[in-house]
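Trainee: Below is one structure. I have some questions about it.
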There are 2 protein chains.
Amino acid sequence: MERTRRIRQPPGGSMTLAAPVSLPTLEFWFEFGSNYSYLSVMRIGDLARQRGVTVAWKPFLLGPIFQGFGWNSSPFVLQKEKGIYVWRDMARQCAKYGLPWKQPSQFPRRSVLPVRVALLGAETPWIEAYSQRMMQRNFVEDRDIDAPEAVSEVLADLGLPAQDLLRAAQAEGNKQRLREQTDEARRRGIFGAPTFFVGSEMFWGNDRLDDALDFAVYAPR
Amino acid sequence: MERTRRIRQPPGGSMTLAAPVSLPTLEFWFEFGSNYSYLSVMRIGDLARQRGVTVAWKPFLLGPIFQGFGWNSSPFVLQKEKGIYVWRDMARQCAKYGLPWKQPSQFPRRSVLPVRVALLGAETPWIEAYSQRMMQRNFVEDRDIDAPEAVSEVLADLGLPAQDLLRAAQAEGNKQRLREQTDEARRRGIFGAPTFFVGSEMFWGNDRLDDALDFAVYAPR
């Protein structure tokens, strides 16, 4: 993102830069079925605002990425030992961040429809609230997120035109855009979610959110 | 670990608790072939001393654990995309912690002999310095760690009787103890390294070292 930036000056002085200054942007690749994406969806908005970083929301589908590795489910399902650990880790991480948590009775939940809607709204002001509500539905309320009724309930709660958005999300052009977004994830080396990018610099996992924000602010551009 | 603890009192007051007070202990399960174990081996001693936590050093072998999952190498080798990411992540993590780093030309390095020696010294005062030197050899100097000459060089540098220790490390009883330690790792659900335990509470990865120490200090015992 580029814009001219007014620089704070000592009293008496004032100046507006005419040249464009690039503001730091963090790409946030996430999935509503991903439990560690839940942590980042709840945290990223406030953390980024505190540091003056713009978040580019990048919803995508993990299923096709995992299928490319020959996996038919989440590694947390396929690798029993890691799966057992992950739910204990999630309970502790949520306690640490002050987030509510309930282990979902279905995992991973199918998320194609809510992700299509997220793609539609990715550059709108409602993407953060929508994503948080969807995540809470999955990981706090333990409710389905993929039925049209589920998605339209969340959209209506936010005062958005649910039926219009559902129709637009299911249009062929938007479905194709999501396939392309997921292809881009694969092409850029994404193998899990959440994943963050600052330019070409990739950070994997909620555990790297702070590092990624620091990088966005402090790395030379 | 139990001992009586002298409690600091206001001036004029002083008291010694006669009842045993249990001091917090953190089990540290690590492997010299594991790059994320390198980070924790370098950090854990100082962090634990600052918080008054005792570290129980638990060297074990990851190879047999991975073989139990049907893997013939590290997941960082078997999963190409994650492997590419991990080396970039390591460079950044080492920069963050102020640790030197060189991506090893062989990965994962065979580590049976140095792990056997570590098991022998796990409850001695030299375990920390020995483990740090072995890790630096692998992840800073990019040198073999499994040859008898490699291990004896590190032991001699520390002023230890290298030949006696190598002989004791290779004795059948010590080999068997390492098999049992690795079996215990599997039985307790360990699927990678480093892994920390506070009682039955398991924490996986260098990213959880601070959480594990906090848990050791603050969780009710």
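We label chains A, B, ... in the order they appear in the structure tokens, count residues from 1 in each chain, and number ligands from 1 in the order shown.
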Based on DSSP run over this structure's backbone, return all residues of segment 139-214 of chain A in alpha helix (DSSP H), as a PyMOL selection string.
Mentor: chain A and resi 139+148-157+162-169+172-187+209-214
Trainee: Could the residues of chain B within 9 Å of chain A, counting only C-alpha atoms, be given as a VMD selection string, please?
Mentor: chain B and resid 69 79 81 to 82 84 to 85 88 to 89 96 189 to 192 201 to 204 207 211
Trainee: Just the number, please: distance in Å from atom CA of Tyr38 of chain B to atom CA of Met135 of chain B, one decimal.
Mentor: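 Atom-to-atom, atom CA of Tyr38 of chain B to atom CA of Met135 of chain B, that is 5.6 Å.
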Trainee: Compile the contact shell of Leu165 of chain B as a PyMOL selection string: residues with an atom at most 12 Å away, counting only C-alpha atoms, same-chain residues fewer than 3 positions apart removed.
Mentor: chain B and resi 113-114+116-121+148+151-156+159-162+168-171+174
Trainee: Using C-alpha atoms, can you export the residues from the last selection as an mmCIF file, in the first residue's frame?
Mentor:
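New file part04.cif:
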```cif
data_model
loop_
_atom_site.group_PDB
_atom_site.id
_atom_site.type_symbol
_atom_site.label_atom_id
_atom_site.label_comp_id
_atom_site.auth_asym_id
_atom_site.auth_seq_id
_atom_site.Cartn_x
_atom_site.Cartn_y
_atom_site.Cartn_z
ATOM 1 C CA LEU B 113 27.246 -41.872 20.306
ATOM 2 C CA PRO B 114 26.964 -38.291 21.632
ATOM 3 C CA ARG B 116 24.813 -42.142 24.768
ATOM 4 C CA VAL B 117 27.457 -39.930 26.394
ATOM 5 C CA ALA B 118 24.825 -37.341 27.282
ATOM 6 C CA LEU B 119 22.759 -40.029 28.979
ATOM 7 C CA LEU B 120 25.816 -41.004 30.991
ATOM 8 C CA GLY B 121 26.322 -37.386 32.096
ATOM 9 C CA PRO B 148 34.419 -41.291 18.547
ATOM 10 C CA VAL B 151 32.886 -36.872 20.922
ATOM 11 C CA SER B 152 36.254 -37.333 22.590
ATOM 12 C CA GLU B 153 37.415 -33.926 21.302
ATOM 13 C CA VAL B 154 34.424 -32.243 22.945
ATOM 14 C CA LEU B 155 34.910 -34.167 26.200
ATOM 15 C CA ALA B 156 38.638 -33.382 26.307
ATOM 16 C CA GLY B 159 38.632 -31.393 30.773
ATOM 17 C CA LEU B 160 36.781 -34.705 31.092
ATOM 18 C CA PRO B 161 38.294 -38.215 30.838
ATOM 19 C CA ALA B 162 37.232 -38.811 27.243
ATOM 20 C CA ALA B 168 31.257 -46.386 29.630
ATOM 21 C CA ALA B 169 28.892 -44.873 27.055
ATOM 22 C CA GLN B 170 29.338 -47.878 24.754
ATOM 23 C CA ALA B 171 28.876 -50.460 27.498
ATOM 24 C CA ASN B 174 24.256 -47.760 28.957
#
```
Trainee: Write out as a ChimeraX atom specification which residues come within 9 Å of Trp57 of chain A when counting only C-alpha atoms, dropping same-chain ones fewer than 2 positions away.
Mentor: /A:26-30,55,59,118-119,122-123,127-128
Trainee: If I take atom CA of Gly98 of chain B and atom CA of Ser34 of chain B, how far is one from the other in Å, to one decimal?
Mentor: 18.7 Å
Trainee: State, in Å with one decimal place, the distance from atom CA of Arg137 of chain B to atom CA of Gln103 of chain B.
Mentor: 11.5 Å
